[in-house]
Amino acid sequence: MSAAFLCAELGITNDPRPDHAQYMAQYLAILKNDKKAIFAAAAAASAATDYILAFSRKHREEAA
């Protein structure tokens, strides 16, 4: 999820790869067993995205 959030924030396109289906199948299995897992994953992904983008923002501010 973090990768998707970062791509959206930075305007990066992401072309699907063959292994994406396997990756998503693992998440689907988790979601079938825990209906709240998506919320925990999204919160963690959002926090990770904010953390990563903070470095980019800091770098841009220092350069200005």
# chains A, B, ... in the order shown; residues from 1 in each chain; ligands from 1
$ residues_around --residues "Ala4 in chain A" --least-positions-apart "6" --cutoff "10 Å" --atoms "only C-alpha atoms" --output "PyMOL selection string"
chain A and resi 10+12-14+45+49
$ write_last_selection --atoms "N, CA and C atoms" --output "PDB file, in the first residue's frame"
ATOM      1  N   LEU A  10       3.699  11.171  -5.662  1.00  0.00           N
ATOM      2  CA  LEU A  10       4.811  11.656  -6.467  1.00  0.00           C
ATOM      3  C   LEU A  10       4.538  11.639  -7.971  1.00  0.00           C
ATOM      4  N   ILE A  12       4.080   9.017  -9.936  1.00  0.00           N
ATOM      5  CA  ILE A  12       4.818   7.938 -10.586  1.00  0.00           C
ATOM      6  C   ILE A  12       3.818   6.881 -11.050  1.00  0.00           C
ATOM      7  N   THR A  13       3.941   6.470 -12.301  1.00  0.00           N
ATOM      8  CA  THR A  13       3.078   5.392 -12.779  1.00  0.00           C
ATOM      9  C   THR A  13       3.728   4.057 -12.429  1.00  0.00           C
ATOM     10  N   ASN A  14       2.887   3.090 -12.178  1.00  0.00           N
ATOM     11  CA  ASN A  14       3.367   1.783 -11.766  1.00  0.00           C
ATOM     12  C   ASN A  14       2.772   0.736 -12.702  1.00  0.00           C
ATOM     13  N   ALA A  45       0.620   1.780   6.294  1.00  0.00           N
ATOM     14  CA  ALA A  45       1.120   2.264   5.005  1.00  0.00           C
ATOM     15  C   ALA A  45       1.114   3.789   4.958  1.00  0.00           C
ATOM     16  N   THR A  49       4.388   6.079   4.511  1.00  0.00           N
ATOM     17  CA  THR A  49       4.441   7.044   3.415  1.00  0.00           C
ATOM     18  C   THR A  49       4.783   8.438   3.940  1.00  0.00           C
TER      19      THR A  49
END
$ residues_around --residues "range 15-30 of chain A" --least-positions-apart "5" --cutoff "12 Å" --atoms "only C-alpha atoms" --output "list in words"
Met1, Ala4, Cys7, Lys35, Lys36, Ala37, Ile38, Ala40 and Ala41 of chain A
$ select_by_dssp --residues "range 2-64 of chain A" --states "helix (DSSP H, G or I)" --output "PyMOL selection string"
chain A and resi 2-10+19-33+37-63
$ atom_distance --atom1 "CA of Ala48 in chain A" --atom2 "CA of Gly11 in chain A"
17.5 Å
